[in-house]
>>> print(open('run-v5.cif').read())   # mmCIF, C-alpha atoms and all ligand atoms
data_model
loop_
_atom_site.group_PDB
_atom_site.id
_atom_site.type_symbol
_atom_site.label_atom_id
_atom_site.label_comp_id
_atom_site.auth_asym_id
_atom_site.auth_seq_id
_atom_site.Cartn_x
_atom_site.Cartn_y
_atom_site.Cartn_z
ATOM 1 C CA MET A 39 -6.339 10.990 -9.061
ATOM 2 C CA LYS A 40 -8.801 8.710 -7.324
ATOM 3 C CA ILE A 41 -7.661 6.492 -4.474
ATOM 4 C CA THR A 42 -9.817 3.606 -3.215
ATOM 5 C CA PHE A 43 -8.885 1.511 -0.210
ATOM 6 C CA TYR A 44 -9.573 -2.206 -0.581
ATOM 7 C CA GLY A 45 -7.341 -3.498 2.211
ATOM 8 C CA THR A 46 -6.111 -1.429 5.130
ATOM 9 C CA ARG A 47 -5.265 -4.069 7.718
ATOM 10 C CA GLY A 48 -1.731 -4.998 8.669
ATOM 11 C CA SER A 49 -0.108 -8.385 9.114
ATOM 12 C CA ILE A 50 -3.036 -10.808 8.678
ATOM 13 C CA PRO A 51 -6.670 -10.555 7.526
ATOM 14 C CA VAL A 52 -9.279 -10.261 10.289
ATOM 15 C CA PRO A 53 -12.687 -11.181 8.831
ATOM 16 C CA GLU A 54 -14.335 -10.782 12.231
ATOM 17 C CA LYS A 55 -17.578 -9.163 13.296
ATOM 18 C CA GLY A 56 -15.941 -6.421 15.363
ATOM 19 C CA SER A 57 -13.492 -5.426 12.600
ATOM 20 C CA LEU A 58 -15.638 -5.091 9.515
ATOM 21 C CA HIS A 59 -16.439 -1.389 9.839
ATOM 22 C CA VAL A 60 -12.778 -0.520 9.247
ATOM 23 C CA GLY A 61 -12.214 -3.690 7.230
ATOM 24 C CA GLY A 62 -10.369 -6.970 7.546
ATOM 25 C CA ASN A 63 -8.351 -7.279 4.316
ATOM 26 C CA THR A 64 -4.607 -6.704 4.141
ATOM 27 C CA SER A 65 -2.949 -3.859 2.214
ATOM 28 C CA SER A 66 -4.190 -3.086 -1.263
ATOM 29 C CA THR A 67 -5.115 0.316 -2.684
ATOM 30 C CA LEU A 68 -6.397 1.177 -6.142
ATOM 31 C CA ILE A 69 -5.221 4.341 -7.884
ATOM 32 C CA GLU A 70 -7.044 5.619 -10.949
ATOM 33 C CA PHE A 71 -5.205 8.383 -12.766
ATOM 34 C CA GLU A 72 -6.773 11.150 -14.805
ATOM 35 C CA SER A 73 -4.780 9.768 -17.753
ATOM 36 C CA GLY A 74 -6.890 6.580 -17.563
ATOM 37 C CA GLU A 75 -4.015 4.516 -16.218
ATOM 38 C CA ILE A 76 -4.526 2.213 -13.237
ATOM 39 C CA ALA A 77 -2.052 1.274 -10.537
ATOM 40 C CA ILE A 78 -2.425 -0.837 -7.433
ATOM 41 C CA LEU A 79 -0.325 -0.351 -4.332
ATOM 42 C CA ASP A 80 0.441 -3.691 -2.692
ATOM 43 C CA ALA A 81 -1.219 -7.015 -3.347
ATOM 44 C CA GLY A 82 -2.576 -8.022 0.064
ATOM 45 C CA THR A 83 -5.926 -9.795 0.288
ATOM 46 C CA GLY A 84 -7.768 -6.597 -0.690
ATOM 47 C CA ILE A 85 -6.553 -7.003 -4.279
ATOM 48 C CA ARG A 86 -9.042 -9.844 -4.777
ATOM 49 C CA LYS A 87 -11.973 -7.426 -4.723
ATOM 50 C CA ILE A 88 -10.071 -4.868 -6.822
ATOM 51 C CA GLY A 89 -9.822 -7.589 -9.477
ATOM 52 C CA HIS A 90 -13.520 -8.428 -9.300
ATOM 53 C CA ASP A 91 -14.559 -4.773 -9.433
ATOM 54 C CA LEU A 92 -12.272 -4.074 -12.397
ATOM 55 C CA MET A 93 -13.640 -7.077 -14.294
ATOM 56 C CA LEU A 94 -17.210 -5.818 -13.810
ATOM 57 C CA ARG A 95 -16.501 -2.471 -15.455
ATOM 58 C CA SER A 96 -18.165 -1.834 -18.758
ATOM 59 C CA LYS A 97 -15.275 0.119 -20.262
ATOM 60 C CA PRO A 98 -12.183 -1.907 -21.164
ATOM 61 C CA LEU A 99 -9.280 -1.926 -18.729
ATOM 62 C CA PRO A 100 -6.024 -0.259 -19.724
ATOM 63 C CA GLU A 101 -3.776 -2.604 -21.677
ATOM 64 C CA GLU A 102 -1.358 -2.684 -18.754
ATOM 65 C CA ILE A 103 -1.893 -2.454 -14.985
ATOM 66 C CA LEU A 104 0.959 -1.648 -12.628
ATOM 67 C CA ILE A 105 1.129 -3.319 -9.225
ATOM 68 C CA GLY A 106 3.673 -1.413 -7.130
ATOM 69 C CA LEU A 107 4.881 -3.029 -3.929
ATOM 70 C CA SER A 108 6.159 -1.434 -0.758
ATOM 71 C CA HIS A 109 7.878 -4.759 -0.005
ATOM 72 C CA THR A 110 7.129 -8.466 -0.277
ATOM 73 C CA HIS A 111 6.023 -9.469 3.205
ATOM 74 C CA TRP A 112 3.101 -11.850 2.831
ATOM 75 C CA ASP A 113 0.412 -9.353 3.895
ATOM 76 C CA HIS A 114 1.459 -7.319 0.809
ATOM 77 C CA ILE A 115 1.533 -10.152 -1.761
ATOM 78 C CA GLN A 116 -0.793 -12.921 -0.629
ATOM 79 C CA GLY A 117 -3.838 -11.673 -2.530
ATOM 80 C CA PHE A 118 -2.099 -11.823 -5.913
ATOM 81 C CA PRO A 119 -3.107 -15.439 -6.776
ATOM 82 C CA PHE A 120 -6.753 -14.331 -6.397
ATOM 83 C CA PHE A 121 -6.491 -11.248 -8.644
ATOM 84 C CA SER A 122 -8.830 -12.150 -11.518
ATOM 85 C CA PRO A 123 -7.286 -9.901 -14.249
ATOM 86 C CA ALA A 124 -4.128 -12.026 -13.847
ATOM 87 C CA TYR A 125 -6.093 -14.910 -15.419
ATOM 88 C CA ASN A 126 -7.021 -12.909 -18.523
ATOM 89 C CA PRO A 127 -4.639 -13.720 -21.429
ATOM 90 C CA LYS A 128 -5.340 -10.268 -22.926
ATOM 91 C CA GLN A 129 -4.179 -8.402 -19.823
ATOM 92 C CA LYS A 130 -0.652 -7.149 -19.222
ATOM 93 C CA LEU A 131 0.491 -6.766 -15.621
ATOM 94 C CA THR A 132 3.716 -5.295 -14.350
ATOM 95 C CA VAL A 133 4.625 -6.118 -10.782
ATOM 96 C CA ALA A 134 7.254 -3.680 -9.577
ATOM 97 C CA ILE A 135 9.401 -2.826 -6.605
ATOM 98 C CA CYS A 136 12.464 -0.634 -6.338
ATOM 99 C CA ARG A 137 15.813 -2.318 -6.027
ATOM 100 C CA GLN A 138 17.955 0.420 -4.615
ATOM 101 C CA ASP A 139 21.475 -0.796 -3.762
ATOM 102 C CA TYR A 140 20.538 -4.228 -5.150
ATOM 103 C CA ASP A 141 19.157 -5.130 -1.739
ATOM 104 C CA THR A 142 15.877 -6.736 -2.755
ATOM 105 C CA GLY A 143 15.766 -10.395 -3.757
ATOM 106 C CA ASP A 144 14.422 -11.592 -7.074
ATOM 107 C CA LEU A 145 10.794 -10.452 -7.246
ATOM 108 C CA GLU A 146 9.650 -13.062 -9.739
ATOM 109 C CA SER A 147 10.978 -15.890 -7.580
ATOM 110 C CA VAL A 148 9.055 -14.515 -4.563
ATOM 111 C CA PHE A 149 5.821 -14.688 -6.573
ATOM 112 C CA ARG A 150 6.718 -18.097 -8.020
ATOM 113 C CA THR A 151 7.447 -19.444 -4.562
ATOM 114 C CA GLN A 152 4.112 -18.386 -3.097
ATOM 115 C CA MET A 153 2.410 -20.281 -5.939
ATOM 116 C CA GLN A 154 4.440 -23.492 -5.605
ATOM 117 C CA SER A 155 2.296 -26.594 -5.147
ATOM 118 C CA ASP A 156 3.121 -26.629 -1.419
ATOM 119 C CA PHE A 157 1.173 -23.382 -1.049
ATOM 120 C CA PHE A 158 -1.212 -23.018 -3.997
ATOM 121 C CA PRO A 159 -2.848 -25.330 -6.575
ATOM 122 C CA LEU A 160 -1.800 -23.407 -9.696
ATOM 123 C CA PRO A 161 1.685 -22.250 -10.697
ATOM 124 C CA LEU A 162 2.353 -18.627 -11.711
ATOM 125 C CA GLU A 163 2.802 -19.452 -15.415
ATOM 126 C CA LYS A 164 -0.696 -20.978 -15.582
ATOM 127 C CA MET A 165 -2.389 -17.719 -14.601
ATOM 128 C CA GLY A 166 -2.653 -16.557 -18.190
ATOM 129 C CA ALA A 167 -2.008 -12.815 -18.214
ATOM 130 C CA GLU A 168 1.245 -11.425 -19.554
ATOM 131 C CA ILE A 169 2.975 -10.782 -16.249
ATOM 132 C CA SER A 170 6.314 -9.030 -16.058
ATOM 133 C CA PHE A 171 8.402 -8.247 -13.019
ATOM 134 C CA TRP A 172 10.299 -4.995 -12.802
ATOM 135 C CA GLN A 173 12.890 -3.985 -10.236
ATOM 136 C CA PRO A 174 14.225 -0.606 -11.310
ATOM 137 C CA HIS A 175 17.446 0.557 -9.687
ATOM 138 C CA ILE A 176 16.311 4.128 -10.159
ATOM 139 C CA THR A 177 14.332 5.950 -7.473
ATOM 140 C CA ARG A 178 12.718 8.506 -9.804
ATOM 141 C CA TYR A 179 10.533 7.570 -12.708
ATOM 142 C CA ARG A 180 8.186 9.358 -15.086
ATOM 143 C CA THR A 181 5.614 7.498 -17.183
ATOM 144 C CA THR A 182 4.848 8.470 -20.760
ATOM 145 C CA SER A 183 1.752 10.318 -19.526
ATOM 146 C CA LYS A 184 3.953 12.327 -17.136
ATOM 147 C CA ILE A 185 2.999 10.628 -13.882
ATOM 148 C CA LYS A 186 5.988 11.107 -11.574
ATOM 149 C CA ILE A 187 7.015 8.469 -9.051
ATOM 150 C CA GLU A 188 9.742 8.924 -6.490
ATOM 151 C CA ALA A 189 10.818 6.240 -4.027
ATOM 152 C CA ILE A 190 12.803 6.099 -0.814
ATOM 153 C CA LYS A 191 13.984 2.968 0.957
ATOM 154 C CA HIS A 192 12.929 3.087 4.594
ATOM 155 C CA ASN A 193 13.524 1.086 7.735
ATOM 156 C CA HIS A 194 11.575 -2.183 8.031
ATOM 157 C CA PRO A 195 12.842 -5.745 8.511
ATOM 158 C CA GLY A 196 14.051 -6.643 5.002
ATOM 159 C CA ASN A 197 13.505 -2.997 3.919
ATOM 160 C CA ALA A 198 10.465 -1.369 2.322
ATOM 161 C CA TYR A 199 9.799 1.655 0.109
ATOM 162 C CA THR A 200 7.834 4.872 0.433
ATOM 163 C CA TYR A 201 6.412 6.240 -2.818
ATOM 164 C CA ARG A 202 5.494 9.791 -3.781
ATOM 165 C CA ILE A 203 3.181 9.714 -6.798
ATOM 166 C CA GLU A 204 2.331 12.904 -8.664
ATOM 167 C CA GLU A 205 -0.053 13.537 -11.522
ATOM 168 C CA LYS A 206 -0.210 17.214 -12.493
ATOM 169 C CA ASP A 207 -0.863 18.993 -9.168
ATOM 170 C CA SER A 208 -2.124 15.957 -7.258
ATOM 171 C CA VAL A 209 0.297 14.331 -4.849
ATOM 172 C CA LEU A 210 -0.110 11.023 -3.035
ATOM 173 C CA VAL A 211 2.468 9.616 -0.621
ATOM 174 C CA TYR A 212 2.271 5.956 0.389
ATOM 175 C CA CYS A 213 4.371 5.046 3.406
ATOM 176 C CA THR A 214 3.565 1.768 5.099
ATOM 177 C CA ASP A 215 5.518 -0.737 7.139
ATOM 178 C CA ILE A 216 7.949 1.827 8.473
ATOM 179 C CA GLU A 217 9.780 1.892 11.784
ATOM 180 C CA HIS A 218 11.112 5.392 12.249
ATOM 181 C CA GLY A 219 13.376 4.577 15.198
ATOM 182 C CA ASP A 220 14.099 7.037 17.999
ATOM 183 C CA SER A 221 13.140 10.007 15.861
ATOM 184 C CA ILE A 222 11.131 10.574 12.705
ATOM 185 C CA ASP A 223 12.950 9.763 9.458
ATOM 186 C CA GLU A 224 13.493 13.262 8.041
ATOM 187 C CA ARG A 225 13.600 11.955 4.488
ATOM 188 C CA ILE A 226 9.974 10.814 4.825
ATOM 189 C CA VAL A 227 8.931 14.301 5.992
ATOM 190 C CA GLU A 228 10.768 15.752 2.999
ATOM 191 C CA LEU A 229 9.225 13.290 0.524
ATOM 192 C CA SER A 230 5.727 13.933 1.953
ATOM 193 C CA LYS A 231 6.037 17.739 1.689
ATOM 194 C CA ASP A 232 2.680 19.394 0.858
ATOM 195 C CA ALA A 233 1.096 16.110 -0.296
ATOM 196 C CA ASP A 234 -2.663 16.095 -0.822
ATOM 197 C CA LEU A 235 -2.878 12.707 0.855
ATOM 198 C CA LEU A 236 -0.375 10.854 3.016
ATOM 199 C CA ILE A 237 -1.143 7.195 3.682
ATOM 200 C CA HIS A 238 1.005 6.272 6.682
ATOM 201 C CA ASP A 239 1.540 3.201 8.843
ATOM 202 C CA ALA A 240 -0.218 3.695 12.200
ATOM 203 C CA GLN A 241 -0.234 0.132 13.480
ATOM 204 C CA TYR A 242 0.534 0.813 17.127
ATOM 205 C CA THR A 243 -0.309 3.101 19.982
ATOM 206 C CA PRO A 244 2.741 4.906 21.411
ATOM 207 C CA ASP A 245 2.741 2.438 24.357
ATOM 208 C CA GLU A 246 2.563 -0.600 22.096
ATOM 209 C CA LEU A 247 5.418 0.748 20.002
ATOM 210 C CA GLU A 248 7.672 0.683 23.079
ATOM 211 C CA ASN A 249 7.201 -3.094 23.289
ATOM 212 C CA LYS A 250 7.314 -3.710 19.560
ATOM 213 C CA LYS A 251 10.704 -2.338 18.643
ATOM 214 C CA GLY A 252 12.112 -4.244 15.694
ATOM 215 C CA TRP A 253 8.695 -5.249 14.311
ATOM 216 C CA GLY A 254 8.935 -2.540 11.662
ATOM 217 C CA HIS A 255 5.943 -0.296 12.311
ATOM 218 C CA SER A 256 4.885 3.168 13.487
ATOM 219 C CA SER A 257 2.538 4.568 16.078
ATOM 220 C CA TRP A 258 -0.405 6.795 15.150
ATOM 221 C CA GLU A 259 1.424 9.603 16.942
ATOM 222 C CA GLN A 260 4.380 9.276 14.557
ATOM 223 C CA ALA A 261 2.029 9.268 11.555
ATOM 224 C CA VAL A 262 0.502 12.522 12.832
ATOM 225 C CA GLU A 263 3.947 14.025 13.403
ATOM 226 C CA VAL A 264 5.009 13.284 9.820
ATOM 227 C CA ALA A 265 1.723 14.719 8.501
ATOM 228 C CA MET A 266 2.000 17.937 10.506
ATOM 229 C CA ARG A 267 5.659 18.535 9.784
ATOM 230 C CA ALA A 268 5.214 17.801 6.079
ATOM 231 C CA ASN A 269 2.162 20.075 5.882
ATOM 232 C CA VAL A 270 0.047 17.423 4.147
ATOM 233 C CA LYS A 271 -3.616 18.144 3.471
ATOM 234 C CA LYS A 272 -4.969 14.773 4.614
ATOM 235 C CA LEU A 273 -3.596 11.841 6.579
ATOM 236 C CA ALA A 274 -4.948 8.299 6.198
ATOM 237 C CA LEU A 275 -3.958 6.069 9.107
ATOM 238 C CA PHE A 276 -3.100 2.712 7.565
ATOM 239 C CA HIS A 277 -1.978 -0.875 8.288
ATOM 240 C CA HIS A 278 -4.230 -1.336 11.320
ATOM 241 C CA ASP A 279 -3.151 -3.870 13.887
ATOM 242 C CA PRO A 280 -5.151 -7.129 13.583
ATOM 243 C CA ASP A 281 -5.814 -7.006 17.339
ATOM 244 C CA HIS A 282 -7.382 -3.533 17.216
ATOM 245 C CA ASP A 283 -11.129 -3.836 16.688
ATOM 246 C CA ASP A 284 -13.442 -1.147 15.285
ATOM 247 C CA LYS A 285 -14.207 0.337 18.692
ATOM 248 C CA PHE A 286 -10.532 0.650 19.529
ATOM 249 C CA LEU A 287 -9.666 2.150 16.147
ATOM 250 C CA ILE A 288 -12.485 4.711 16.236
ATOM 251 C CA ASN A 289 -11.222 5.905 19.626
ATOM 252 C CA LEU A 290 -7.742 6.122 18.162
ATOM 253 C CA GLU A 291 -9.109 8.160 15.255
ATOM 254 C CA TRP A 292 -10.652 10.691 17.658
ATOM 255 C CA GLY A 293 -7.303 11.023 19.414
ATOM 256 C CA CYS A 294 -5.565 11.687 16.090
ATOM 257 C CA GLN A 295 -8.177 14.209 14.995
ATOM 258 C CA ASN A 296 -7.623 16.187 18.197
ATOM 259 C CA LEU A 297 -4.060 16.753 17.057
ATOM 260 C CA PHE A 298 -4.568 16.807 13.310
ATOM 261 C CA PRO A 299 -8.204 17.314 12.245
ATOM 262 C CA SER A 300 -7.640 16.119 8.668
ATOM 263 C CA SER A 301 -6.660 12.634 9.763
ATOM 264 C CA PHE A 302 -8.857 9.549 9.502
ATOM 265 C CA LEU A 303 -8.720 5.775 9.506
ATOM 266 C CA ALA A 304 -8.241 4.280 6.061
ATOM 267 C CA ARG A 305 -11.391 2.163 5.796
ATOM 268 C CA GLU A 306 -12.133 -0.536 3.244
ATOM 269 C CA GLY A 307 -14.232 0.866 0.395
ATOM 270 C CA MET A 308 -13.320 4.504 1.127
ATOM 271 C CA GLU A 309 -12.709 6.620 -1.988
ATOM 272 C CA ILE A 310 -10.670 9.814 -2.002
ATOM 273 C CA LEU A 311 -10.276 12.247 -4.852
ATOM 274 C CA ILE A 312 -7.198 14.409 -4.843
HETATM 275 ZN ZN ZN B 401 2.590 -5.183 6.313
HETATM 276 ZN ZN ZN B 402 6.176 -5.771 6.405
#
>>> encode(input="run-v5.cif", output="structure tokens", more="lines below")
Ligand SMILES: [Zn+2]
Ligand SMILES: [Zn+2]
Amino acid sequence: MKITFYGTRGSIPVPEKGSLHVGGNTSSTLIEFESGEIAILDAGTGIRKIGHDLMLRSKPLPEEILIGLSHTHWDHIQGFPFFSPAYNPKQKLTVAICRQDYDTGDLESVFRTQMQSDFFPLPLEKMGAEISFWQPHITRYRTTSKIKIEAIKHNHPGNAYTYRIEEKDSVLVYCTDIEHGDSIDERIVELSKDADLLIHDAQYTPDELENKKGWGHSSWEQAVEVAMRANVKKLALFHHDPDHDDKFLINLEWGCQNLFPSSFLAREGMEILI
């Protein structure tokens, strides 16, 4: 499984000089499976470049691409109207999010709304690709090529989902936009058990977290705690605060590596093979 980060910033893009080393685009990560299938986690502004890079490939894209969402806050969906494969009539896209306990609103209407004429020049149905929206009530799923996906609903305003994705012996856990509360959510530790790579929200410092209760995020210290307790091989610190510049984040990375040497900042353009 190959994971490439295209957007690792939280909340809002920061295309600023002091932020470009880590990257300014909001959440979007490309997963390429050994089976040849492609999935994208979240459709923040980073998905624009995923689209361009996919279109430049010489070998044809899989008939269908899955876009799995942690939730539908705008920093996780706002890149979708700029995803070029969505304008290709030959391409099938499935946009998916879990709908445990029927708590999530209608996914298609969220995407339609962000492309209403008040916000965007072209409506969803004019994009061209065959786009379907899927909100499974199940939390465990296995594709035909035996890729296993397991989801857990976690605490975030409006709720969000953590995903554990397995292909053969490779395990990726994607856990962003999570507020653990007074103690670490044990279910996340359990779901992350022995993962090759854990991508975890690390938006705040422990001090900032004190003043940001209710905003739905974690501190880097909590990300490290989950990684250590779950015995993961690597930890990617993700969903960087827009007000943390490169210098600040690199210092934060050193602090994390003191506690957990296999941790690092998820940086735009970084590729990881697991
Ligand atoms: Zn977010
Ligand atoms: Zn959010």
>>> residues_near_ligand(input="run-v5.cif", ligand="ligand ZN 401 (chain B)", cutoff="8 Å", atoms="all atoms listed in the file", output="PyMOL selection string")
chain A and resi 48-49+64-65+111-114+214-215+277
>>> residues_around(input="run-v5.cif", residues="region 172-176 of chain A", least_positions_apart="5", cutoff="6 Å", atoms="all atoms listed in the file", output="ChimeraX atom specification")
/A:134-138
>>> residues_near_ligand(input="run-v5.cif", ligand="ligand ZN 402 (chain B)", cutoff="12 Å", atoms="all atoms listed in the file", output="PDB file with C-alpha atoms, in the frame of the given file")
ATOM      1  CA  ARG A  47      -5.265  -4.069   7.718  1.00  0.00           C
ATOM      2  CA  GLY A  48      -1.731  -4.998   8.669  1.00  0.00           C
ATOM      3  CA  SER A  49      -0.108  -8.385   9.114  1.00  0.00           C
ATOM      4  CA  ILE A  50      -3.036 -10.808   8.678  1.00  0.00           C
ATOM      5  CA  THR A  64      -4.607  -6.704   4.141  1.00  0.00           C
ATOM      6  CA  SER A  65      -2.949  -3.859   2.214  1.00  0.00           C
ATOM      7  CA  ASP A  80       0.441  -3.691  -2.692  1.00  0.00           C
ATOM      8  CA  GLY A  82      -2.576  -8.022   0.064  1.00  0.00           C
ATOM      9  CA  LEU A 107       4.881  -3.029  -3.929  1.00  0.00           C
ATOM     10  CA  SER A 108       6.159  -1.434  -0.758  1.00  0.00           C
ATOM     11  CA  HIS A 109       7.878  -4.759  -0.005  1.00  0.00           C
ATOM     12  CA  THR A 110       7.129  -8.466  -0.277  1.00  0.00           C
ATOM     13  CA  HIS A 111       6.023  -9.469   3.205  1.00  0.00           C
ATOM     14  CA  TRP A 112       3.101 -11.850   2.831  1.00  0.00           C
ATOM     15  CA  ASP A 113       0.412  -9.353   3.895  1.00  0.00           C
ATOM     16  CA  HIS A 114       1.459  -7.319   0.809  1.00  0.00           C
ATOM     17  CA  ILE A 115       1.533 -10.152  -1.761  1.00  0.00           C
ATOM     18  CA  HIS A 192      12.929   3.087   4.594  1.00  0.00           C
ATOM     19  CA  ASN A 193      13.524   1.086   7.735  1.00  0.00           C
ATOM     20  CA  HIS A 194      11.575  -2.183   8.031  1.00  0.00           C
ATOM     21  CA  PRO A 195      12.842  -5.745   8.511  1.00  0.00           C
ATOM     22  CA  GLY A 196      14.051  -6.643   5.002  1.00  0.00           C
ATOM     23  CA  ASN A 197      13.505  -2.997   3.919  1.00  0.00           C
ATOM     24  CA  ALA A 198      10.465  -1.369   2.322  1.00  0.00           C
ATOM     25  CA  TYR A 199       9.799   1.655   0.109  1.00  0.00           C
ATOM     26  CA  CYS A 213       4.371   5.046   3.406  1.00  0.00           C
ATOM     27  CA  THR A 214       3.565   1.768   5.099  1.00  0.00           C
ATOM     28  CA  ASP A 215       5.518  -0.737   7.139  1.00  0.00           C
ATOM     29  CA  ILE A 216       7.949   1.827   8.473  1.00  0.00           C
ATOM     30  CA  GLU A 217       9.780   1.892  11.784  1.00  0.00           C
ATOM     31  CA  ASP A 239       1.540   3.201   8.843  1.00  0.00           C
ATOM     32  CA  GLN A 241      -0.234   0.132  13.480  1.00  0.00           C
ATOM     33  CA  GLY A 252      12.112  -4.244  15.694  1.00  0.00           C
ATOM     34  CA  TRP A 253       8.695  -5.249  14.311  1.00  0.00           C
ATOM     35  CA  GLY A 254       8.935  -2.540  11.662  1.00  0.00           C
ATOM     36  CA  HIS A 255       5.943  -0.296  12.311  1.00  0.00           C
ATOM     37  CA  SER A 256       4.885   3.168  13.487  1.00  0.00           C
ATOM     38  CA  HIS A 277      -1.978  -0.875   8.288  1.00  0.00           C
TER      39      HIS A 277
END
>>> resolve_selection(input="run-v5.cif", expression="the PyMOL selection byres (((chain A and resi 262) around 12) and not hetatm)", output="compact mmCIF listing (two decimals) with C-alpha atoms, in the coordinates of the input")
# COMPACT_ATOMS: atom_id res chain seq x y z
CA ILE A 222 11.13 10.57 12.70
CA VAL A 227 8.93 14.30 5.99
CA LEU A 236 -0.38 10.85 3.02
CA ILE A 237 -1.14 7.20 3.68
CA HIS A 238 1.00 6.27 6.68
CA ASP A 239 1.54 3.20 8.84
CA ALA A 240 -0.22 3.70 12.20
CA THR A 243 -0.31 3.10 19.98
CA PRO A 244 2.74 4.91 21.41
CA SER A 256 4.88 3.17 13.49
CA SER A 257 2.54 4.57 16.08
CA TRP A 258 -0.40 6.80 15.15
CA GLU A 259 1.42 9.60 16.94
CA GLN A 260 4.38 9.28 14.56
CA ALA A 261 2.03 9.27 11.56
CA GLU A 263 3.95 14.02 13.40
CA VAL A 264 5.01 13.28 9.82
CA ALA A 265 1.72 14.72 8.50
CA MET A 266 2.00 17.94 10.51
CA ARG A 267 5.66 18.54 9.78
CA ALA A 268 5.21 17.80 6.08
CA ASN A 269 2.16 20.08 5.88
CA VAL A 270 0.05 17.42 4.15
CA LYS A 271 -3.62 18.14 3.47
CA LYS A 272 -4.97 14.77 4.61
CA LEU A 273 -3.60 11.84 6.58
CA ALA A 274 -4.95 8.30 6.20
CA LEU A 275 -3.96 6.07 9.11
CA PHE A 276 -3.10 2.71 7.56
CA LEU A 290 -7.74 6.12 18.16
CA GLU A 291 -9.11 8.16 15.26
CA GLY A 293 -7.30 11.02 19.41
CA CYS A 294 -5.56 11.69 16.09
CA GLN A 295 -8.18 14.21 15.00
CA ASN A 296 -7.62 16.19 18.20
CA LEU A 297 -4.06 16.75 17.06
CA PHE A 298 -4.57 16.81 13.31
CA PRO A 299 -8.20 17.31 12.24
CA SER A 300 -7.64 16.12 8.67
CA SER A 301 -6.66 12.63 9.76
CA PHE A 302 -8.86 9.55 9.50
CA LEU A 303 -8.72 5.78 9.51
>>> residues_around(input="run-v5.cif", residues="Glu146 (chain A)", least_positions_apart="2", cutoff="10 Å", atoms="all atoms listed in the file", output="ChimeraX atom specification")
/A:133-134,143-144,148-151,162,169-173
>>> resolve_selection(input="run-v5.cif", expression="the PyMOL selection byres (((chain A and resi 87-102) around 9) and not hetatm)", output="number ranges by chain")
A: 44, 66-68, 74-76, 78, 83-86, 103-104, 120-124, 128-132
>>> closest_residue(input="run-v5.cif", among="A:Leu79, A:Asn63, A:Glu306, A:Leu210", to="Asp234 (chain A)", atoms="all atoms listed in the file")
A:Leu210
>>> atom_distance(input="run-v5.cif", atom1="CA of Asp245 (chain A)", atom2="CA of Val60 (chain A)")
21.9 Å
>>> axis_aligned_box(input="run-v5.cif", around="region 248-264 of chain A", padding_each_side="6 Å", output="lines of an AutoDock Vina configuration file")
center_x = 5.9
center_y = 4.4
center_z = 16.6
size_x = 24.5
size_y = 31.3
size_z = 25.5
>>> atom_distance(input="run-v5.cif", atom1="CA of Gly62 (chain A)", atom2="CA of Asn289 (chain A)")
17.7 Å
